[in-house]
$ cat target32.txt   # compact mmCIF, C-alpha atoms
# COMPACT_ATOMS: atom_id res chain seq x y z
CA MET R 1 0.00 0.00 0.00
CA LYS R 2 2.78 2.39 0.94
CA PHE R 3 4.55 1.51 -2.29
CA ASN R 4 1.44 2.41 -4.32
CA LYS R 5 1.22 5.78 -2.54
CA VAL R 6 4.87 6.50 -3.25
CA LEU R 7 4.47 5.45 -6.87
CA SER R 8 1.38 7.67 -7.24
CA PHE R 9 3.26 10.60 -5.74
CA VAL R 10 6.16 10.09 -8.16
CA LEU R 11 3.83 9.87 -11.16
CA VAL R 12 1.94 12.99 -10.15
CA SER R 13 5.22 14.81 -9.62
CA VAL R 14 6.46 13.78 -13.04
CA ILE R 15 3.21 14.91 -14.66
CA ILE R 16 3.31 18.27 -12.90
CA PHE R 17 7.01 18.77 -13.72
CA SER R 18 6.39 17.78 -17.33
CA SER R 19 3.53 20.25 -17.65
CA PHE R 20 5.72 23.04 -16.30
CA THR R 21 8.55 22.01 -18.63
CA LEU R 22 6.28 21.89 -21.66
CA THR R 23 4.80 25.24 -20.71
CA GLY R 24 8.31 26.62 -20.39
CA PHE R 25 9.27 25.40 -23.85
CA ALA R 26 6.07 26.79 -25.28
CA ALA R 27 6.71 30.11 -23.63
CA LYS R 28 10.24 30.14 -24.98
CA ASP R 29 9.04 29.36 -28.48
CA SER R 30 6.53 32.23 -28.35
CA TRP R 31 8.88 34.60 -26.54
CA GLN R 32 9.40 37.82 -28.44
CA PRO R 33 12.40 39.92 -27.38
CA LYS R 34 12.16 43.65 -26.94
CA ASN R 35 15.14 44.19 -29.20
CA LYS R 36 14.82 43.54 -32.92
CA GLU R 37 18.60 43.35 -33.21
CA PRO R 38 20.33 40.96 -30.75
CA PHE R 39 23.03 42.20 -28.38
CA VAL R 40 26.42 40.48 -28.62
CA PHE R 41 28.71 41.11 -25.62
CA VAL R 42 32.47 40.69 -26.09
CA HIS R 43 34.86 40.25 -23.15
CA GLY R 44 38.29 41.81 -22.70
CA LEU R 45 41.84 40.69 -21.93
CA ASN R 46 41.96 37.49 -19.88
CA GLY R 47 38.16 37.30 -20.02
CA TRP R 48 35.74 34.54 -20.99
CA GLY R 49 32.36 34.05 -22.59
CA GLY R 50 29.14 32.35 -21.65
CA ALA R 51 30.14 29.01 -23.20
CA GLU R 52 33.02 28.42 -20.79
CA GLY R 53 32.75 26.52 -17.52
CA ILE R 54 34.23 29.31 -15.46
CA ASN R 55 31.25 31.45 -16.44
CA GLY R 56 29.07 29.21 -14.30
CA LEU R 57 31.26 29.93 -11.29
CA ILE R 58 31.68 33.66 -11.88
CA PRO R 59 30.11 35.13 -15.02
CA TYR R 60 32.29 37.63 -16.83
CA TRP R 61 29.27 39.85 -17.46
CA GLY R 62 27.87 40.48 -14.00
CA ALA R 63 30.74 38.93 -12.02
CA THR R 64 29.96 39.09 -8.28
CA THR R 65 26.53 40.66 -8.93
CA GLY R 66 25.21 37.59 -10.77
CA ASP R 67 24.77 36.52 -14.38
CA LEU R 68 24.01 39.71 -16.31
CA MET R 69 23.08 37.85 -19.50
CA GLN R 70 20.49 35.84 -17.64
CA TYR R 71 19.13 38.98 -15.98
CA LEU R 72 18.82 40.86 -19.28
CA GLN R 73 17.11 37.89 -20.90
CA GLN R 74 14.62 37.83 -18.03
CA GLN R 75 13.96 41.49 -18.75
CA GLY R 76 13.08 40.58 -22.33
CA TYR R 77 16.34 41.22 -24.21
CA GLU R 78 17.99 38.78 -26.59
CA CYS R 79 21.67 38.82 -25.72
CA TYR R 80 24.73 36.62 -26.11
CA SER R 81 28.10 36.45 -24.37
CA ALA R 82 30.71 35.54 -27.00
CA SER R 83 33.94 33.63 -26.30
CA VAL R 84 37.15 34.72 -28.04
CA GLY R 85 40.86 34.38 -27.32
CA PRO R 86 41.62 36.10 -24.00
CA LEU R 87 45.24 36.73 -25.07
CA SER R 88 44.76 36.96 -28.82
CA SER R 89 45.15 39.99 -31.08
CA ALA R 90 42.23 42.12 -32.21
CA TRP R 91 42.49 40.50 -35.66
CA ASP R 92 42.39 36.92 -34.39
CA ARG R 93 39.59 37.72 -31.97
CA ALA R 94 37.53 39.39 -34.71
CA CYS R 95 37.92 36.29 -36.91
CA GLU R 96 36.79 34.08 -34.02
CA LEU R 97 33.87 36.34 -33.19
CA TYR R 98 32.67 36.35 -36.79
CA ALA R 99 32.84 32.54 -37.08
CA GLN R 100 31.06 32.12 -33.76
CA ILE R 101 28.16 34.41 -34.68
CA ILE R 102 27.52 32.96 -38.14
CA GLY R 103 28.51 29.36 -37.32
CA SER R 104 31.58 28.47 -39.41
CA ARG R 105 35.22 27.45 -39.24
CA VAL R 106 37.54 30.17 -37.96
CA ASP R 107 39.64 31.52 -40.84
CA TYR R 108 42.50 33.81 -39.75
CA GLY R 109 43.37 34.55 -43.37
CA VAL R 110 46.13 33.38 -45.72
CA ALA R 111 48.20 36.57 -45.52
CA HIS R 112 47.80 37.06 -41.77
CA SER R 113 48.59 33.46 -40.83
CA LYS R 114 51.64 33.43 -43.11
CA LYS R 115 52.89 36.71 -41.63
CA TYR R 116 52.65 35.40 -38.07
CA ASN R 117 53.58 31.80 -38.87
CA HIS R 118 50.48 30.15 -37.42
CA ASP R 119 47.72 27.95 -38.82
CA ARG R 120 45.20 29.54 -41.14
CA TYR R 121 42.22 27.72 -39.66
CA GLY R 122 40.97 27.33 -36.10
CA ARG R 123 38.00 25.52 -34.63
CA THR R 124 34.58 25.10 -36.22
CA TYR R 125 31.41 26.53 -34.69
CA TYR R 126 28.66 24.20 -35.86
CA THR R 127 25.84 26.14 -34.20
CA PRO R 128 25.69 29.87 -34.95
CA LEU R 129 24.89 32.31 -32.18
CA ILE R 130 22.61 34.23 -34.55
CA PRO R 131 21.62 32.11 -37.59
CA GLU R 132 19.86 34.92 -39.45
CA TRP R 133 22.63 37.51 -39.09
CA GLY R 134 23.21 39.35 -42.37
CA GLU R 135 20.20 37.79 -44.08
CA LEU R 136 17.13 39.67 -45.28
CA ASP R 137 13.94 39.59 -43.25
CA GLU R 138 10.41 39.39 -44.64
CA ASN R 139 10.49 43.14 -45.28
CA GLY R 140 13.77 43.01 -47.17
CA LYS R 141 15.80 44.50 -44.31
CA ILE R 142 19.10 43.06 -43.15
CA HIS R 143 19.18 41.27 -39.79
CA GLN R 144 21.57 43.41 -37.76
CA ILE R 145 23.20 43.12 -34.35
CA HIS R 146 24.44 45.46 -31.61
CA LEU R 147 28.04 44.87 -30.50
CA ILE R 148 29.06 45.68 -26.91
CA GLY R 149 32.66 45.30 -25.79
CA HIS R 150 34.35 45.70 -22.43
CA SER R 151 38.02 46.73 -22.33
CA PHE R 152 39.85 45.06 -25.25
CA GLY R 153 36.48 43.67 -26.29
CA GLY R 154 35.76 47.17 -27.59
CA THR R 155 38.86 47.02 -29.82
CA THR R 156 37.75 43.59 -31.02
CA VAL R 157 34.35 45.00 -31.94
CA ARG R 158 35.99 47.81 -33.92
CA MET R 159 38.20 45.33 -35.80
CA LEU R 160 35.21 43.16 -36.70
CA ILE R 161 33.34 46.20 -38.03
CA GLN R 162 36.40 47.26 -40.04
CA LEU R 163 36.68 43.87 -41.72
CA LEU R 164 32.95 43.62 -42.33
CA THR R 165 32.96 47.08 -43.89
CA GLU R 166 36.18 47.27 -45.87
CA GLY R 167 37.40 43.69 -45.93
CA SER R 168 41.14 43.07 -46.23
CA PRO R 169 42.98 43.94 -49.47
CA GLU R 170 45.92 41.78 -48.29
CA GLU R 171 43.71 38.73 -47.84
CA MET R 172 41.89 39.27 -51.12
CA ALA R 173 45.23 39.50 -52.95
CA ALA R 174 46.64 36.39 -51.27
CA THR R 175 43.60 34.10 -51.45
CA ASP R 176 41.79 32.22 -54.19
CA PRO R 177 38.40 33.98 -54.60
CA ASN R 178 36.68 30.62 -54.21
CA GLU R 179 38.37 29.97 -50.84
CA ILE R 180 38.37 33.35 -49.14
CA SER R 181 36.32 33.97 -46.02
CA GLU R 182 33.47 36.40 -46.60
CA LEU R 183 34.74 38.35 -43.61
CA PHE R 184 37.64 39.57 -45.74
CA THR R 185 35.64 40.65 -48.79
CA GLY R 186 33.94 43.64 -47.16
CA GLY R 187 30.60 45.21 -48.05
CA LYS R 188 28.91 44.05 -44.84
CA GLY R 189 29.12 47.11 -42.63
CA ASP R 190 25.32 47.31 -42.61
CA TRP R 191 25.23 44.04 -40.66
CA VAL R 192 25.92 46.05 -37.50
CA LYS R 193 23.50 48.55 -35.98
CA SER R 194 25.67 49.93 -33.19
CA ALA R 195 28.98 49.53 -31.39
CA THR R 196 29.37 50.27 -27.68
CA THR R 197 32.71 50.27 -25.89
CA ILE R 198 33.11 50.19 -22.11
CA CYS R 199 36.48 50.99 -20.48
CA THR R 200 38.21 50.41 -23.81
CA PRO R 201 41.82 51.68 -24.12
CA HIS R 202 41.26 53.38 -27.47
CA ASN R 203 44.53 55.27 -27.08
CA SER R 204 46.52 52.70 -25.11
CA SER R 205 47.06 53.20 -21.38
CA SER R 206 49.72 54.96 -19.36
CA VAL R 207 49.95 51.88 -17.11
CA TYR R 208 52.13 50.42 -19.87
CA TYR R 209 55.08 52.68 -19.05
CA PRO R 210 55.67 51.70 -15.41
CA LEU R 211 55.24 48.04 -16.38
CA VAL R 212 58.02 48.39 -18.95
CA ASN R 213 60.22 50.45 -16.66
CA LEU R 214 59.89 47.82 -13.95
CA GLY R 215 60.67 45.03 -16.41
CA LEU R 216 57.25 43.46 -15.91
CA TYR R 217 55.83 43.59 -19.44
CA ASP R 218 57.86 40.70 -20.88
CA ILE R 219 57.42 38.70 -17.69
CA VAL R 220 53.63 39.11 -17.78
CA GLN R 221 53.53 38.12 -21.45
CA THR R 222 55.65 35.00 -20.95
CA LEU R 223 53.81 33.85 -17.83
CA SER R 224 50.42 34.42 -19.50
CA TYR R 225 51.28 32.19 -22.45
CA LEU R 226 52.92 29.59 -20.23
CA TYR R 227 49.81 29.38 -18.10
CA ALA R 228 47.64 29.12 -21.22
CA GLY R 229 49.83 26.37 -22.64
CA ILE R 230 49.79 24.32 -19.44
CA ALA R 231 46.06 24.81 -18.75
CA GLY R 232 45.31 24.08 -22.40
CA ARG R 233 46.65 20.55 -21.98
CA THR R 234 44.62 19.61 -18.92
CA TYR R 235 41.17 18.27 -18.19
CA PHE R 236 40.01 21.84 -17.56
CA ASN R 237 40.64 22.94 -21.16
CA GLY R 238 37.23 23.67 -22.66
CA ARG R 239 35.50 22.62 -19.46
CA LEU R 240 36.62 25.50 -17.27
CA VAL R 241 38.88 27.74 -19.36
CA ASP R 242 39.51 28.15 -23.08
CA PHE R 243 42.42 30.20 -24.44
CA HIS R 244 41.65 29.76 -28.16
CA LEU R 245 45.36 29.55 -29.09
CA GLU R 246 45.17 26.42 -31.22
CA GLN R 247 46.39 28.40 -34.27
CA TYR R 248 49.80 28.45 -32.55
CA GLY R 249 49.49 24.89 -31.27
CA LEU R 250 49.74 26.28 -27.76
CA THR R 251 46.36 24.92 -26.62
CA GLU R 252 44.13 22.09 -27.75
CA ILE R 253 40.80 22.48 -29.46
CA PRO R 254 38.37 21.28 -26.76
CA GLY R 255 37.39 17.70 -27.49
CA GLU R 256 39.75 17.43 -30.46
CA GLY R 257 43.29 17.84 -29.14
CA GLY R 258 45.95 19.14 -31.48
CA ALA R 259 48.38 20.97 -29.17
CA ASP R 260 52.04 20.94 -30.20
CA ASN R 261 55.06 20.47 -27.97
CA LEU R 262 54.71 23.08 -25.22
CA PHE R 263 58.16 24.63 -25.58
CA LYS R 264 57.99 24.63 -29.37
CA ALA R 265 54.61 26.37 -29.26
CA MET R 266 55.82 28.82 -26.59
CA LYS R 267 58.80 29.77 -28.77
CA LEU R 268 56.53 30.29 -31.77
CA VAL R 269 53.96 32.45 -30.01
CA LEU R 270 56.60 34.60 -28.28
CA GLU R 271 58.47 35.12 -31.56
CA ASN R 272 55.23 36.47 -33.00
CA GLY R 273 54.36 38.70 -30.06
CA ASP R 274 52.96 41.41 -32.34
CA ASP R 275 49.97 39.14 -32.99
CA SER R 276 48.65 39.43 -29.45
CA CYS R 277 46.29 41.37 -27.25
CA LEU R 278 49.18 42.59 -25.09
CA TYR R 279 50.93 44.10 -28.12
CA ASP R 280 47.77 45.74 -29.47
CA LEU R 281 47.38 47.48 -26.12
CA THR R 282 50.84 49.07 -26.26
CA PRO R 283 51.35 52.57 -27.70
CA GLU R 284 53.11 51.04 -30.73
CA GLY R 285 50.29 48.55 -31.26
CA THR R 286 47.67 51.25 -30.82
CA ALA R 287 49.42 53.44 -33.41
CA LYS R 288 49.20 50.58 -35.94
CA LEU R 289 45.52 50.09 -35.13
CA TYR R 290 44.99 53.81 -35.82
CA ASP R 291 46.14 53.13 -39.39
CA GLU R 292 43.91 50.06 -39.76
CA LEU R 293 40.65 51.11 -38.14
CA SER R 294 38.19 53.74 -39.28
CA ILE R 295 34.67 54.71 -38.34
CA ASN R 296 31.64 53.52 -40.33
CA GLU R 297 29.35 56.47 -41.08
CA ASP R 298 26.23 54.27 -41.01
CA ILE R 299 26.78 52.78 -37.54
CA TYR R 300 25.99 54.26 -34.13
CA TYR R 301 29.00 54.44 -31.79
CA PHE R 302 28.85 54.87 -28.01
CA SER R 303 31.66 54.94 -25.47
CA TYR R 304 31.62 54.68 -21.68
CA ALA R 305 34.62 55.70 -19.61
CA PHE R 306 34.95 54.94 -15.90
CA SER R 307 36.98 56.62 -13.18
CA THR R 308 37.88 55.27 -9.76
CA THR R 309 40.12 58.20 -8.83
CA GLU R 310 39.54 61.54 -7.11
CA GLU R 311 41.45 64.72 -7.81
CA ILE R 312 43.79 66.21 -5.22
CA GLU R 313 43.83 69.64 -6.78
CA PHE R 314 46.70 71.28 -4.89
CA LEU R 315 49.04 68.39 -5.77
CA GLY R 316 47.87 68.05 -9.36
CA ILE R 317 47.34 64.31 -9.02
CA GLU R 318 44.49 61.78 -8.73
CA MET R 319 44.25 59.09 -6.08
CA PRO R 320 42.02 56.00 -6.09
CA ALA R 321 38.83 55.90 -4.03
CA PHE R 322 38.78 53.65 -0.96
CA ASN R 323 36.54 51.08 -2.68
CA THR R 324 38.90 50.51 -5.63
CA ASN R 325 39.72 46.84 -6.16
CA PRO R 326 42.89 46.27 -4.07
CA VAL R 327 44.38 44.04 -6.78
CA ILE R 328 44.64 47.03 -9.15
CA TYR R 329 44.87 49.78 -6.55
CA LEU R 330 48.60 50.34 -7.12
CA THR R 331 48.19 50.77 -10.89
CA ALA R 332 45.54 53.41 -10.22
CA VAL R 333 48.05 55.25 -8.03
CA MET R 334 50.84 55.04 -10.64
CA MET R 335 48.58 56.36 -13.41
CA GLY R 336 47.25 59.12 -11.18
CA ILE R 337 50.62 60.60 -10.26
CA MET R 338 52.51 60.14 -13.54
CA PRO R 339 54.46 63.24 -14.65
CA GLU R 340 53.59 64.85 -17.98
CA PHE R 341 55.20 63.43 -21.12
CA THR R 342 54.46 62.88 -24.82
CA ASP R 343 54.41 59.40 -26.28
CA PRO R 344 56.55 59.25 -29.44
CA GLU R 345 54.41 56.51 -31.06
CA THR R 346 50.93 57.99 -30.68
CA GLY R 347 51.71 61.65 -30.06
CA VAL R 348 49.46 61.54 -27.00
CA VAL R 349 50.35 64.17 -24.42
CA TYR R 350 49.90 62.57 -21.00
CA ASP R 351 49.19 65.66 -18.93
CA GLU R 352 47.07 66.10 -15.78
CA SER R 353 43.87 65.44 -17.74
CA TRP R 354 45.08 61.85 -18.17
CA HIS R 355 45.51 61.21 -14.44
CA ALA R 356 41.88 60.11 -13.93
CA ASN R 357 41.62 56.36 -14.55
CA ASP R 358 39.72 53.16 -13.80
CA ALA R 359 42.90 51.53 -12.42
CA LEU R 360 43.81 49.98 -15.79
CA VAL R 361 42.70 52.48 -18.45
CA ASN R 362 42.97 56.26 -18.49
CA THR R 363 39.50 57.82 -18.48
CA GLU R 364 40.51 60.05 -21.40
CA SER R 365 41.65 57.03 -23.41
CA ALA R 366 38.32 55.27 -22.94
CA LYS R 367 36.25 58.18 -24.25
CA TYR R 368 37.03 57.87 -27.95
CA PRO R 369 39.87 57.21 -30.43
CA LEU R 370 41.69 60.54 -30.74
CA ASP R 371 41.75 60.37 -34.54
CA GLU R 372 37.99 59.87 -34.96
CA PRO R 373 35.01 62.27 -34.73
CA HIS R 374 33.23 62.53 -31.39
CA LYS R 375 30.62 64.50 -29.47
CA ASP R 376 29.13 64.50 -25.99
CA PHE R 377 26.08 62.29 -25.78
CA ASP R 378 22.80 64.07 -26.47
CA LYS R 379 19.75 61.84 -26.15
CA ASP R 380 17.83 64.15 -28.50
CA ASN R 381 20.53 64.11 -31.15
CA ILE R 382 22.22 60.72 -31.40
CA GLU R 383 24.31 60.65 -34.56
CA LYS R 384 25.75 57.87 -36.68
CA GLY R 385 29.38 57.81 -37.71
CA VAL R 386 30.56 59.68 -34.64
CA TRP R 387 31.49 58.62 -31.12
CA ASN R 388 28.63 59.56 -28.81
CA VAL R 389 30.62 59.97 -25.60
CA MET R 390 28.60 59.11 -22.51
CA PRO R 391 29.08 60.85 -19.14
CA VAL R 392 31.94 59.37 -17.09
CA GLU R 393 30.80 56.63 -14.69
CA GLU R 394 32.18 56.04 -11.20
CA GLY R 395 34.01 52.78 -10.57
CA ASP R 396 37.08 50.79 -11.51
CA HIS R 397 37.73 48.59 -14.53
CA GLY R 398 36.08 45.54 -13.02
CA ALA R 399 33.15 47.41 -11.46
CA ALA R 400 32.02 48.21 -15.01
CA ILE R 401 31.10 44.53 -15.44
CA GLY R 402 29.90 43.96 -11.87
CA LEU R 403 33.06 42.88 -10.04
CA PHE R 404 32.71 43.92 -6.39
CA SER R 405 30.05 46.38 -7.42
CA ASP R 406 26.50 47.24 -6.41
CA LYS R 407 24.09 44.79 -8.05
CA GLU R 408 21.26 47.27 -8.51
CA LYS R 409 23.61 49.87 -9.99
CA VAL R 410 25.10 47.41 -12.47
CA GLN R 411 21.75 46.08 -13.60
CA GLU R 412 20.36 49.58 -13.98
CA PHE R 413 23.38 50.64 -16.05
CA TYR R 414 22.93 47.81 -18.56
CA LEU R 415 19.15 48.11 -18.64
CA GLU R 416 19.47 51.76 -19.58
CA LEU R 417 22.01 50.84 -22.26
CA CYS R 418 19.70 48.18 -23.71
CA GLU R 419 16.73 50.53 -23.67
CA MET R 420 18.71 53.25 -25.46
CA LEU R 421 19.95 50.86 -28.15
CA CYS R 422 16.41 49.56 -28.73
CA GLU R 423 15.19 53.09 -29.46
CA LEU R 424 17.70 53.71 -32.25
CA ASN R 425 16.18 54.14 -35.69
$ encode --input "target32.txt" --output "structure tokens"
Amino acid sequence: MKFNKVLSFVLVSVIIFSSFTLTGFAAKDSWQPKNKEPFVFVHGLNGWGGAEGINGLIPYWGATTGDLMQYLQQQGYECYSASVGPLSSAWDRACELYAQIIGSRVDYGVAHSKKYNHDRYGRTYYTPLIPEWGELDENGKIHQIHLIGHSFGGTTVRMLIQLLTEGSPEEMAATDPNEISELFTGGKGDWVKSATTICTPHNSSSVYYPLVNLGLYDIVQTLSYLYAGIAGRTYFNGRLVDFHLEQYGLTEIPGEGGADNLFKAMKLVLENGDDSCLYDLTPEGTAKLYDELSINEDIYYFSYAFSTTEEIEFLGIEMPAFNTNPVIYLTAVMMGIMPEFTDPETGVVYDESWHANDALVNTESAKYPLDEPHKDFDKDNIEKGVWNVMPVEEGDHGAAIGLFSDKEKVQEFYLELCEMLCELN
């Protein structure tokens, strides 16, 4: 008798759970997002996307305040957290981002891969993030997306737009027309509705100089790749972390293997250090990006700069607020007290106006690329083809994505961003 009661309870529970599950699937199928164009979020240096195991422990977008992607989806917004190489160059990351969104094999290009002596092809994304991207809808309009990048993710977004818009003359010259990736043929700038950068070092960062002077730059670069190479050969590769460095043979493709000898791969990647995120962030790398990147007159651009420092007027310096992340507190101090000088590569004059910073990026650098048109944000006059510079936000580099930040403040910030992007014509 007791067994029958238990069995009945289990059956009823299964039926109830099934009905809820079926209702959930039905609701999902009929769910209509508020945004016509999906939001694609792109992480920065040493970051990760929604597909990686570490994101379940601490999401990149939201960090200690909870999963921001999940929260925005609950608020009715279609959004995706992309995964690209945390140490890779803007070019390599843009190629990976493109393949991930459309669902294809990563093609780094014939000319680029030959120049940096790595494999032309990377992994294959069998399931696209946004299957209809770039296709025409029932009204004959192109399915567009909004791109949102934090830190170096903003540079990645700009590189993707550049390739979509102009393509690559070098790749078109070096590749059989029947084999070239469509990313390199250009003419697709209208696939993007807007680009938003958050704490992006558009004009490098003055934190680079003390790192070089202290002899830390090369050490950081070597240790970063060594860690990637070791972690990329363990059980955690693809399950917890993913460095996307299989083009150099430094890490395995999750589930497929393919890593080369560790020391051979380390030698190769270090010999080609110009093809890296760390190089692109230097003044020299930024100067080269100036020559490569240009603004698309048909796309909306927005930039958010953060500051965690407060001015000490009589000393002419800026010092970090008490709630600045202690891990990057010292860099905030160094950037805030740096004496005036002019960088020979970029021509940037690092005067007192560059003291304010988010502990990793100068506030001035995050506002806009100095060689491109810009204006202060005006909600009644949002223009295309110009950087609409938002008011400076309070907080450090990590607070911008929710690390040790106020949950309500973070969620409100991104809700307002999503609402603004949805209202664009």
$ atom_distance --input "target32.txt" --atom1 "CA of Val212 in chain R" --atom2 "CA of Trp48 in chain R"
26.3 Å
$ atom_distance --input "target32.txt" --atom1 "CA of Arg93 in chain R" --atom2 "CA of Thr308 in chain R"
28.4 Å
$ closest_residue --input "target32.txt" --among "R:Met69, R:Val386, R:Ala259, R:Leu57" --to "Phe39 in chain R" --atoms "all atoms listed in the file"
R:Met69
$ residues_around --input "target32.txt" --residues "Ile58 in chain R" --least-positions-apart "2" --cutoff "12 Å" --atoms "only C-alpha atoms" --output "ChimeraX atom specification"
/R:47-50,52-56,60-68,240-241,401-404
$ write_last_selection --input "target32.txt" --atoms "C-alpha atoms" --output "short mmCIF file (atom, residue, chain, number, x, y, z; two decimals), keeping the file's coordinate frame"
data_model
loop_
_atom_site.label_atom_id
_atom_site.label_comp_id
_atom_site.auth_asym_id
_atom_site.auth_seq_id
_atom_site.Cartn_x
_atom_site.Cartn_y
_atom_site.Cartn_z
CA GLY R 47 38.16 37.30 -20.02
CA TRP R 48 35.74 34.54 -20.99
CA GLY R 49 32.36 34.05 -22.59
CA GLY R 50 29.14 32.35 -21.65
CA GLU R 52 33.02 28.42 -20.79
CA GLY R 53 32.75 26.52 -17.52
CA ILE R 54 34.23 29.31 -15.46
CA ASN R 55 31.25 31.45 -16.44
CA GLY R 56 29.07 29.21 -14.30
CA TYR R 60 32.29 37.63 -16.83
CA TRP R 61 29.27 39.85 -17.46
CA GLY R 62 27.87 40.48 -14.00
CA ALA R 63 30.74 38.93 -12.02
CA THR R 64 29.96 39.09 -8.28
CA THR R 65 26.53 40.66 -8.93
CA GLY R 66 25.21 37.59 -10.77
CA ASP R 67 24.77 36.52 -14.38
CA LEU R 68 24.01 39.71 -16.31
CA LEU R 240 36.62 25.50 -17.27
CA VAL R 241 38.88 27.74 -19.36
CA ILE R 401 31.10 44.53 -15.44
CA GLY R 402 29.90 43.96 -11.87
CA LEU R 403 33.06 42.88 -10.04
CA PHE R 404 32.71 43.92 -6.39
#
$ closest_residue --input "target32.txt" --among "R:Ser113, R:Gly257, R:Trp191, R:Pro283" --to "Thr342 in chain R" --atoms "all atoms listed in the file"
R:Pro283
$ closest_residue --input "target32.txt" --among "R:Lys34, R:Arg105, R:Arg120, R:His43" --to "Glu423 in chain R" --atoms "only C-alpha atoms"
R:Lys34
$ residues_around --input "target32.txt" --residues "range 166-173 of chain R" --least-positions-apart "6" --cutoff "9 Å" --atoms "all atoms listed in the file" --output "PyMOL selection string"
chain R and resi 109-112+180-189
$ closest_residue --input "target32.txt" --among "R:Ser276, R:Asn325, R:Ser194, R:Gln70" --to "Asn425 in chain R" --atoms "all atoms listed in the file"
R:Ser194
$ axis_aligned_box --input "target32.txt" --around "range 100-110 of chain R" --padding-each-side "8 Å" --output "JSON"
{"center_x": 36.8, "center_y": 31.0, "center_z": -39.7, "size_x": 34.6, "size_y": 23.1, "size_z": 28.0}
$ atom_distance --input "target32.txt" --atom1 "CA of Cys418 in chain R" --atom2 "CA of Asp376 in chain R"
19.0 Å
$ closest_residue --input "target32.txt" --among "R:Arg233, R:Cys422, R:Ala265, R:Ser205" --to "Thr346 in chain R" --atoms "only C-alpha atoms"
R:Ser205
$ residues_around --input "target32.txt" --residues "Gly76 in chain R" --least-positions-apart "6" --cutoff "9 Å" --atoms "only C-alpha atoms" --output "list in words"
Trp31, Gln32, Pro33, Lys34 and Asn35 of chain R
$ write_last_selection --input "target32.txt" --atoms "C-alpha atoms" --output "mmCIF file, in the frame of the given file"
data_model
loop_
_atom_site.group_PDB
_atom_site.id
_atom_site.type_symbol
_atom_site.label_atom_id
_atom_site.label_comp_id
_atom_site.auth_asym_id
_atom_site.auth_seq_id
_atom_site.Cartn_x
_atom_site.Cartn_y
_atom_site.Cartn_z
ATOM 1 C CA TRP R 31 8.880 34.600 -26.540
ATOM 2 C CA GLN R 32 9.400 37.820 -28.440
ATOM 3 C CA PRO R 33 12.400 39.920 -27.380
ATOM 4 C CA LYS R 34 12.160 43.650 -26.940
ATOM 5 C CA ASN R 35 15.140 44.190 -29.200
#
$ residues_around --input "target32.txt" --residues "Gly85 in chain R" --least-positions-apart "4" --cutoff "10 Å" --atoms "only C-alpha atoms" --output "number ranges by chain"
R: 43-49, 89-90, 92-94, 96-97, 242-246, 276-277
$ closest_residue --input "target32.txt" --among "R:Thr234, R:Pro38, R:Met335, R:Lys288" --to "Leu72 in chain R" --atoms "all atoms listed in the file"
R:Pro38
